[in-house]
Every structure is written in structure tokens, then in C-alpha cells.
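Read the structure below first, then the notes.
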Amino acid sequence: MSEVFVRVALDHPLPTLFDYRCAQSPAPGPGTLVAVPFGKRNIVGLVVEVSDRTEVPLERLRDVQAACDGCAPLAAEWLALVAFAADYYQRSLGEVALPALPQALRDAEKWPRLFAAAPRFRLTEAGRAALPGALPVRAAALRRLAEALAGARSLDLSEARALHPKAGATLQAWQAEGWVGVEADADVDAAAANRTGETEGAGASGEPGEDIMRPALTEEQAQAVEAIAAAQGFSPFLLHGVTGSGKTEVYLRAIEAMFAARPDAQALVLVPEINLTPQFEAAFRVRFASQLGDDAIVTLHSAMADGERVRSWLAAHTGRARVVLGTRLAVLASMPELALIVVDEEHEPAYKQQEGLRYSARDLAIWRAKQRGVAVVLGSATPSLESWWQAEQGRYRRLSLARRAVADAALPAVRMIDLEEERRRGRGSVDGISGPLAAALKARLERGEQSLVFLNRRGYAPVIACDACGWVAGCPRCSAYVVLHKSEHTLRCHHCGWEARVPRACPECGNVDIAPLGRGTQRVEETLAQIVPGARVLRIDADSTRRKGSAQTLFSNVHAGEVDILVGTQMIAKGHDFRRVSLVGVLNADAALFSHDFRAGERLFAQLMQVSGRAGRAGLPGEVLVQTRYPRHALYHALARHDYVGFANATLAERRDAQLPPFVYQALLRAEAKTLEAALAFLGHACTALAEIPSAERVTVYDAVPMTIVKVANVHRAQLLLESASRASLLATLRAWQAPLRTLKGVIRWSVEVDPLDI
């Protein structure tokens with residue numbers, strides 16, 4: 001019998017597969033996870049090919065240690081997806097495939113426990129007689145658990161913990177009382193089969209439960225749903241809807257139509273940020289849980305615990321999860337019956353990974369829809385200019401929702417507060433809050449309405465300084481200032497995490513009158529408490545939501561009416577349906593108007609349009625006040641008219657004249673070294689190597705330059721920009737460039753980023 005060899009992808013930067021001898025019979029096929037020796041340790045890899053021959057000398061080959069039999073092999077279609085991502089984003093196949101999997105699957109020691117048959121708990125006859133009568137009246141969680149056991153054939157531990165956080169200990173205690181039993185393995189399989197049959201039967205009609213109240217669709221919503229439902233094959237849609245126009249309802253109805261046509265289908269719904277997943281998950285559970293079952297709707301994001309994430313991933317991989325809701329990492333989930341993809345807030349930069357594999361989840365979602373031959377819906381009130389241009393060219397079908405879905409809800413009035421005019425008239429601001437904005441906040445408080453104050457800068461102040469000698473507090477490890485966090489009496493670098501106590505005096509001259517300059521959300525929160533007495537002020541930013549579940553709790557307080565003024569960063573600017581907010585105040589918007597980044601204006605306009613859309617969503621007249629020193633700027637004029645179309649077309653015309661994306665394609669080579677000179681020297685040698693590549697003749701190469709923040713954590717950074725009117729020429733050049741780049745020395749690390757958003 002001839003030997004069998006497997007070629008395995010490993011999470012390693014070398015762009016090659018690694019050959020191993022396989023003694024198992026049958027040999028693990030492509031898509032199977034295997035444990036293999038690599039160096040002095042065992043790691044998990046992914047089988048890509050199986051062969052009866054190898055070019056590696058037999059004495060150098062090592063054996064496959066184990067195969068993950070509990071996990072069905074990843075499909076050829078999924079392997080093709082990660083292969084495309086690896087090729088396009090200039091990474092090895094293993095660097096894409098392995099990080100796309102949950103951590104628990106990448107640890108072979110966890111496989112036996114991970115795929116062991118989970119015990120299922122059921123009520124005994126004694127338990128049915130005793131529970132829930134034996135429970136305290138106010139023990140709501142215990143009663144939920146007892147009622148669920150009484151109503152279901154059995155529950156596993158994860159299902160029980162979803163009902164009661166201490167379900168494990170409780171079930172053990174009930175076992176001791178004889179109220180609960182554990183099913184045998186054979187019973188587990190039967191129970192699973194019964195649950196599958198019940199789910200399929202419930203979803204066969206494709207109709208949601210009769211008890212679900214669904215809002216009536218507007219004419220525009222109905223037309224959008226009809227177009228998506230009627231799509232055949234690969235169909236990219238750009239759903240351009242103003243804030244509050246009911247895009248989420250369009251997504252829900254489109255998925256309903258998908259289930260009606262294909263009861264076994266799966267839908268992938270992407271959201272840009274983790275804090276948006278709870279409200280989306282709630283909406284999808286209300287609409288589909290009774291039809292499909294609770295375990296048919298899962299979430300995937302990086303903040304999930306390992307066990308929770310692997311369960312959700314496996315549910316998607318086996319087809320049990322019918323709706324997968326997640327952030328950018330969910331775009332690489334294995335979904336064998338994928339039939340519809342939704343990318344909400346498709347313009348968001350958060351869809352672009354900024355470390356490791358620097359992929360765009362939105363772009364991969366489009367490619368995946370084309371691969372599967374299904375519809376993909378890109379939704380936004382402010383689409384990215386790349387997507388808008390595709391729609392203008394007819395490559396995407398544009399669906400418009402020009403009016404808010406609630407009958408008496410109108411777009412808010414937008415007004416500029418001219419800070420220079422306020423200053424000339426002697427009506428200065430109180431720590432950054434102008435008189436007109438303060439008056440508007442007080443008026444909303446008197447009327448019992450909520451207000452939102454937006455400042456995209458966390459902390460108390462962006463810097464502290466000495467006015468005697470000019471000293472400014474900087475990070476010793478980065479070329480950046482440190483941010484004052486007053487409540488913690490701490491200076492913190494937001495780039496490397498370095499922290500220090502606030503000095504009592506200037507370390508340069510000894511002056512004790514060091515003072516904060518500028519303002520962040522913490523300072524605004526403090527100021528509002530002073531100028532709007534009696535207001536309940538709540539701050540939501542990355543600092544106030546560090547603990548798991550804290551963001552959801554804070555947003556629930558806002559929705560419950562327990563907050564009068566909400567202060568926050570971009571976390572509060574999009575996706576949230578604040579029904580009682582009638583006023584939005586915007587601080588420090590001018591900072592992005594004159595940025596060197598050509599995308600700064602697009603991002604600012606999208607940000608302001610999104611945060612403006614939080615006002616007036618439930619019939620209350622909405623107003624937006626933007627504090628600015630440039631009230632006549634074209635961007636603010638477009639904002640006041642809610643004129644995304646005019647802004648987009650004008651900006652696209654400017655980019656066409658300047659030959660900027662989407663009219664050209666770009667890539668960055670970044671180098672990190674112990675000194676800036678070493679990083680620039682590496683880029684210089686890399687530029688020389690380009691001369692040997694024929695396709696580079698059609699690529700423009702700019703001079704190597706330091707990055708905006710040159711030093712981070714004592715590492716110096718520089719970059720080299722490549723640009724071409726031909727995507728094919730640019731990618732061909734990058735592929736041919738990889739080999740010579742690997743021969744260059746002198747840097748800590750280097751990386752290539754395709755389609756960069758930050759230059």
C-alpha cells in the first residue's frame with residue numbers, strides 16, 4: 001500500500017504548504033483540521049491537498065499527529081474564499097484560514113472535550129411534581145429554568161445558562177434532590193433529531209409566527225424588499241436610505257422571503273461594531289426565534305468568550321444556525337447554505353481590519369456573494385464613495401429610501417453655530433459649550449426630551465501643558481501626546497497604552513500651574529453637569545464601556561428614559577434608535593476639515609449625517625446644532641440640506657480630477673524598525689527591487705515617508721505608496737514583489753496593505 005501525504009496550511013508567513021506523512025486510513029481530506037509537529041511544538045493546520053507523492057525527501061517528513069474528526073471538513077467553497085483573500089491581500093493561505101477559525105478549534109488539546117457529547121438535562125417525574133412550586137416567588141431566573149425544563153424535552157448546559165447564570169450549580173442541586181436527570185448518549189442523538197425535525201417543520205412555510213407584530217412597509221421599503229426577493233444569481237444592491245428610513249425592516253423582510261423560497265437557507269448579517277449586535281440580535285430573535293428556534297440565530301464577534309464563539313461558529317458550519325450576525329470576522333464564517341448577505345452601515349471604516357490580514361469585510365462579502373451566486377445588500381445613509389461609484393456605473397442596483405419610516409418623523413433641522421460670531425459678540429462658550437447650545441439643552445430638559453452631545457475624542461483632555469516653559473506631556477514610547485483621564489488621575493497613551501500619574505508640577509521648570517488643553521468626553525460630561533443643572537448626564541465611549549455587557553446596560557438606560565443628556569464618541573453616532581432624542585449637539589467637527597487624509601471629508605460628512613439622524617426619529621421635531629468656525633464650508637451646506645447625493649457627486653468629481661480612489665487603486669508597504677533611518681532604508685531597497693518587475697511599469701511609486709505617528713511603542717514606522725489605474729497590474733506587481741522583499745533585512749517587520757483606508 002502506497003504512502004499518503006497531505007499538504008497542510010499553517011499560520012505562518014511563508015507562502016507555501018507543508019507536507020506531512022499520514023498513516024491514518026482513510027487519510028483526512030481537504031478542509032480537515034489536523035494536529036502536526038512544527039519545530040519543537042505541535043500546532044493545528046488545515047489540510048489543503050492529499051497526494052500519493054511528495055517532493056520533500058522522505059527522511060525529512062514528519063507525521064500527522066491527529067485529525068479533528070468531530071468537525072466536518074471545511075467545504076471547497078470556503079477554501080476558495082480564503083485562497084482568494086490570501087492572494088488579494090498578499091498573505092499566506094494559513095495566515096488567512098487559521099485565524100478565521102475560533103481559538104478553541106486551533107488547540108488540538110481541546111478537541112476531545114469540545115466534541116464530546118454534551119449532557120442534556122431533563123425533568124424527572126419527581127421534578128415535574130415538585131417544580132416550580134418549591135421555588136421562591138421572586139426567584140425569576142430559577143422559575144425560567146424550571147419552566148423551560150418543563151416545556152422542553154431536555155436542555156443542554158449552554159441553553160440552561162442562557163436562562164440562569166448559575167444553572168450548572170442549580171442543576172447539580174436538583175439532581176441531588178432527584179428532580180433532574182441526565183440523558184444517555186443515545187438519548188442525546190434522538191433529542192437532537194427531534195429538535196432538528198421541529199425546526200425544519202416550523203420553518204418550512206417560511207412564514208413568521210402569527211403573534212409577531214410587523215410594521216407596515218412604506219412604498220419604498222416594499223419595492224426594495226420585492227427587488228431583493230426577486231433577484232436571481234449574484235445581485236449586488238446598494239440600499240441608500242436616510243437615517244430612520246427602516247433599512248433594518250428591509251433586511252428582515254428580505255430574509256423572510258429567502259426562508260420562504262429556501263427553508264434550509266442561511267443569511268449572514270454584518271454590522272460594523274460589537275455594541276450594535278445586541279439590538280440587531282433582539283430584532284432578529286423577535287422576528288425569527290419562534291419560527292426557527294433560539295439556537296438558529298447566533299452572533300460572532302471578537303469580544304465573545306472562546307466557548308461561546310466556537311459554539312456559534314460550529315452552528316453556522318453545520319447549518320444549524322440560519323442567521324449569523326456578526327462584525328467583520330463573521331464574513332469568513334463557514335456557512336454551507338449561505339443564500340443572502342447583508343452589510344449594514346457598509347461605509348464604516350471598522351469593516352477594514354487594521355492588523356494582521358488587513359482585509360475589507362465589505363469587499364469580501366461582495367466577492368463571497370459572487371462566488372455563491374446570491375444577493376448582497378449594502379445598506380447605508382451615507383454609502384462609501386467606492387460603493388456609490390459602483391452604483392453610478394450600474395454595477396450595483398441602487399434602492400432608495402428617501403423618507404423616514406415612521407409617518408410623523410421628519411429629518412431634523414440642521415443649524416450651524418458660528419463660534420467666531422459668538423466670540424465677536426462677546427457671547428463666549430463655557431468650556432467648549434456655546435450659549436445657543438446650552439440654551440437648547442436646557443429647553444429640551446424642561447420639555448422632558450433627551451439630547452445627545454457628540455465629540456469624537458475620549459478622555460478628559462487630549463493633552464496637558466505648562467504655559468511657563470511650553471512643556472507638553474508626551475508619551476516616552478510614542479511620538480504622540482498623552483491624554484488626561486481626570487477621574488483616574490492618569491495620563492494615558494491611546495497608541496501603546498503607557499500610563500503615568502499626573503505630575504504635581506511641570507517636570508521641566510517646576511511650575512505648578514500645568515493645565516489641560518482641549519477637551520474630551522469626560523470634560524464635556526463634567527461641564528454639562530454644571531451648565532445644565534439637574535440634568536442626568538451619561539457618557540458612552542471606549543472608557544465607560546470596557547467591561548463586558550456595560551455598553552448594552554448604558555444604552556438600555558438611554559432607551560428607558562433614565563438619561564437626559566447623552567455624551568459620547570462615534571459609538572453613539574450610528575445604528576441606535578433613540579426614540580426620545582430631539583436635539584443633537586456636535587463639538588469640534590472642524591478638526592477634520594483640513595486633514596492631510598483625502599478621505600477625512602468623506603468620513604466627517606458620514607459621521608455628522610449619522611449622528612444627526614439620531615434626532616427626531618419618533619415624531620418629535622429634531623434639531624442639530626453644529627459648533628463651527630467655518631459655517632460656510634461646502635460640507636456643512638450639504639449637511640444642512642441632508643444632501644448626500646450632492647456631496648458624493650462633488651467629491652467624486654474632485655477625486656477624478658486628482659486621480660484618487662475609486663479612480664485608481666492603491667497599496668502600501670509599511671516597515672517597522674528600531675530607527676526611522678532603518679525603516680526608510682528598507683523601503684528604499686524595496687523600491688529598487690521594483691525596477692526588476694515588468695508590471696511595475698504601470699505602477700506609480702511615491703517616495704518613502706515616515707508615518708503620521710512615526711514612533712509607537714519604541715518602534716519607528718515608515719511607508720511607501722504604490723498606485724495604478726489597473727488593479728490587475730498593481731496585484732501582479734505585489735505578487736512578484738513578495739519574494740525579493742523577503743530577502744531584505746534590517747527591519748523588525750514589514751507588511752503590504754491593499755486598498756488602504758489610512759495613508
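Just remember, in the C-alpha cells the first chain shown is A, the second B, etc., residues are 1-based per chain, and ligands are 1-based in the order shown.
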
Using only C-alpha atoms, which protein or nucleic acid residues come within 10 Å of Ala141 (chain A)? Drop anything in the same chain fewer than 4 positions from it, and give the result as a tab-separated table (two decimals) with C-alpha atoms, in the first residue's frame.
chain	number	residue	atom	x	y	z
A	145	LEU	CA	-35.13	27.46	34.14
A	146	ALA	CA	-37.77	25.22	35.70
A	147	GLU	CA	-40.43	26.28	33.17
A	161	ARG	CA	-27.09	29.12	31.38
A	162	ALA	CA	-28.83	31.43	28.94
A	163	LEU	CA	-31.83	31.26	31.28
A	164	HIS	CA	-29.97	31.34	34.59
A	165	PRO	CA	-26.28	32.33	35.00
A	166	LYS	CA	-25.74	29.80	37.81
A	167	ALA	CA	-27.55	26.97	36.05

For Arg670 (chain A): contacts at 10 Å, only C-alpha atoms, fewer than 5 positions along chain excluded, given as a list of chain:residue names: A:Ala679, A:Leu680, A:Phe682, A:Leu683, A:Ala704, A:Val705, A:Pro706, A:Met707, A:Arg717, A:Ala718, A:Gln719, A:Leu720, A:Leu721, A:Arg749, A:Trp750, A:Ser751, A:Val752, A:Glu753

Residues near Val502 (chain A), anyone? I mean within 7 Å using only C-alpha atoms, not counting same-chain ones fewer than 5 positions away, as a compact mmCIF listing (two decimals) with N, CA and C atoms, in the first residue's frame.
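Output saved as part_39.txt:
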# COMPACT_ATOMS: atom_id res chain seq x y z
N HIS A 489 -7.02 60.17 37.48
CA HIS A 489 -5.81 60.95 37.75
C HIS A 489 -4.62 60.34 37.00
N THR A 490 -4.86 60.06 35.72
CA THR A 490 -3.89 59.32 34.92
C THR A 490 -3.65 60.00 33.58
N LEU A 491 -2.41 59.92 33.11
CA LEU A 491 -2.07 60.26 31.73
C LEU A 491 -1.91 58.95 30.97

Straight-line distance linking CA of Val472 (chain A) with CA of Ala671 (chain A), stated in Å to one decimal: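 Calculated distance between CA of Val472 (chain A) and CA of Ala671 (chain A) is 28.4 Å.
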
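Neighbouring residues of Val414 (chain A) at 7 Å or closer, counting only C-alpha atoms and skipping chain neighbours under 5 positions away, are Glu623, Val624, Leu625 and Ala640 of chain A.
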
How would the residues just picked look written out with C-alpha atoms as a PDB file, in the first residue's frame?
ATOM      1  CA  GLU A 623     -32.725  69.779  15.660  1.00  0.00           C
ATOM      2  CA  VAL A 624     -28.977  69.514  15.104  1.00  0.00           C
ATOM      3  CA  LEU A 625     -26.598  72.254  16.241  1.00  0.00           C
ATOM      4  CA  ALA A 640     -27.797  71.274   6.342  1.00  0.00           C
TER       5      ALA A 640
END

All residues 9 Å or closer to Ala542 (chain A), only C-alpha atoms, same chain fewer than 5 positions away omitted, as a VMD selection string: chain A and resid 458 569 571

Any chance you can output those residues with N, CA, C and O atoms as a PDB file, in the first residue's frame?
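again-v5.pdb was written with the following content:
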ATOM      1  N   ARG A 458     -12.194  60.819  23.265  1.00  0.00           N
ATOM      2  CA  ARG A 458     -12.424  60.360  24.634  1.00  0.00           C
ATOM      3  C   ARG A 458     -11.358  60.908  25.567  1.00  0.00           C
ATOM      4  O   ARG A 458     -10.388  61.510  25.147  1.00  0.00           O
ATOM      5  N   THR A 569     -18.785  59.382  21.871  1.00  0.00           N
ATOM      6  CA  THR A 569     -17.968  59.386  20.662  1.00  0.00           C
ATOM      7  C   THR A 569     -18.753  58.718  19.542  1.00  0.00           C
ATOM      8  O   THR A 569     -19.980  58.613  19.613  1.00  0.00           O
ATOM      9  N   MET A 571     -19.296  55.837  18.989  1.00  0.00           N
ATOM     10  CA  MET A 571     -20.081  54.697  19.450  1.00  0.00           C
ATOM     11  C   MET A 571     -21.576  54.996  19.464  1.00  0.00           C
ATOM     12  O   MET A 571     -22.398  54.092  19.313  1.00  0.00           O
TER      13      MET A 571
END

Strand (DSSP E or B) call set, DSSP backbone run, region 119-161 of chain A, as a list in words: Arg120, Phe121, Arg122, Leu123, Leu155 and Asp156 of chain A

Go ahead and save the residues from that selection, with all heavy atoms, as a PDB file, in the first residue's frame.
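Output file selection-v2.pdb is given in full below:
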ATOM      1  N   ARG A 120     -27.444  16.339  28.468  1.00  0.00           N
ATOM      2  CA  ARG A 120     -28.696  17.078  28.391  1.00  0.00           C
ATOM      3  C   ARG A 120     -29.516  16.759  29.639  1.00  0.00           C
ATOM      4  O   ARG A 120     -29.610  15.601  30.061  1.00  0.00           O
ATOM      5  CB  ARG A 120     -29.469  16.735  27.122  1.00  0.00           C
ATOM      6  CG  ARG A 120     -28.707  17.086  25.852  1.00  0.00           C
ATOM      7  CD  ARG A 120     -29.623  17.022  24.646  1.00  0.00           C
ATOM      8  NE  ARG A 120     -30.671  18.030  24.713  1.00  0.00           N
ATOM      9  CZ  ARG A 120     -30.529  19.300  24.325  1.00  0.00           C
ATOM     10  NH1 ARG A 120     -29.369  19.721  23.861  1.00  0.00           N
ATOM     11  NH2 ARG A 120     -31.533  20.145  24.404  1.00  0.00           N
ATOM     12  N   PHE A 121     -30.096  17.793  30.206  1.00  0.00           N
ATOM     13  CA  PHE A 121     -30.814  17.663  31.476  1.00  0.00           C
ATOM     14  C   PHE A 121     -32.326  17.633  31.207  1.00  0.00           C
ATOM     15  O   PHE A 121     -32.829  18.391  30.365  1.00  0.00           O
ATOM     16  CB  PHE A 121     -30.458  18.830  32.394  1.00  0.00           C
ATOM     17  CG  PHE A 121     -28.989  18.907  32.717  1.00  0.00           C
ATOM     18  CD1 PHE A 121     -28.123  19.657  31.928  1.00  0.00           C
ATOM     19  CD2 PHE A 121     -28.467  18.222  33.799  1.00  0.00           C
ATOM     20  CE1 PHE A 121     -26.773  19.725  32.207  1.00  0.00           C
ATOM     21  CE2 PHE A 121     -27.114  18.281  34.092  1.00  0.00           C
ATOM     22  CZ  PHE A 121     -26.264  19.028  33.295  1.00  0.00           C
ATOM     23  N   ARG A 122     -33.015  16.755  31.926  1.00  0.00           N
ATOM     24  CA  ARG A 122     -34.467  16.649  31.774  1.00  0.00           C
ATOM     25  C   ARG A 122     -35.105  16.519  33.156  1.00  0.00           C
ATOM     26  O   ARG A 122     -34.470  16.071  34.114  1.00  0.00           O
ATOM     27  CB  ARG A 122     -34.834  15.432  30.926  1.00  0.00           C
ATOM     28  CG  ARG A 122     -34.280  14.140  31.483  1.00  0.00           C
ATOM     29  CD  ARG A 122     -34.771  12.918  30.748  1.00  0.00           C
ATOM     30  NE  ARG A 122     -34.120  11.715  31.235  1.00  0.00           N
ATOM     31  CZ  ARG A 122     -34.403  11.121  32.378  1.00  0.00           C
ATOM     32  NH1 ARG A 122     -35.349  11.619  33.164  1.00  0.00           N
ATOM     33  NH2 ARG A 122     -33.766  10.024  32.747  1.00  0.00           N
ATOM     34  N   LEU A 123     -36.338  16.931  33.228  1.00  0.00           N
ATOM     35  CA  LEU A 123     -37.069  16.792  34.496  1.00  0.00           C
ATOM     36  C   LEU A 123     -37.493  15.346  34.710  1.00  0.00           C
ATOM     37  O   LEU A 123     -37.951  14.675  33.783  1.00  0.00           O
ATOM     38  CB  LEU A 123     -38.314  17.676  34.480  1.00  0.00           C
ATOM     39  CG  LEU A 123     -38.144  19.167  34.778  1.00  0.00           C
ATOM     40  CD1 LEU A 123     -39.502  19.837  34.798  1.00  0.00           C
ATOM     41  CD2 LEU A 123     -37.427  19.390  36.095  1.00  0.00           C
ATOM     42  N   LEU A 155     -32.589  20.142  28.047  1.00  0.00           N
ATOM     43  CA  LEU A 155     -31.762  21.322  27.815  1.00  0.00           C
ATOM     44  C   LEU A 155     -30.306  20.939  28.008  1.00  0.00           C
ATOM     45  O   LEU A 155     -29.981  20.149  28.894  1.00  0.00           O
ATOM     46  CB  LEU A 155     -32.103  22.444  28.809  1.00  0.00           C
ATOM     47  CG  LEU A 155     -33.486  23.085  28.761  1.00  0.00           C
ATOM     48  CD1 LEU A 155     -33.607  24.105  29.899  1.00  0.00           C
ATOM     49  CD2 LEU A 155     -33.736  23.759  27.427  1.00  0.00           C
ATOM     50  N   ASP A 156     -29.420  21.499  27.169  1.00  0.00           N
ATOM     51  CA  ASP A 156     -28.004  21.319  27.473  1.00  0.00           C
ATOM     52  C   ASP A 156     -27.561  22.467  28.377  1.00  0.00           C
ATOM     53  O   ASP A 156     -28.321  23.391  28.670  1.00  0.00           O
ATOM     54  CB  ASP A 156     -27.152  21.219  26.203  1.00  0.00           C
ATOM     55  CG  ASP A 156     -27.122  22.501  25.384  1.00  0.00           C
ATOM     56  OD1 ASP A 156     -27.360  23.590  25.937  1.00  0.00           O
ATOM     57  OD2 ASP A 156     -26.837  22.412  24.176  1.00  0.00           O
TER      58      ASP A 156
END

Pick from A:Asp755, A:Ala468, A:Pro119, A:Leu690, whichever lies nearest to Ala739 (chain A) using only C-alpha atoms: A:Leu690

Per-residue DSSP, region 372-424 of chain A, filtered to helix (DSSP H, G or I), as a list in words: Arg372, Leu385, Glu386, Ser387, Trp388, Trp389, Gln390, Ala391, Glu392, Leu419, Glu420, Glu421, Glu422, Arg423 and Arg424 of chain A
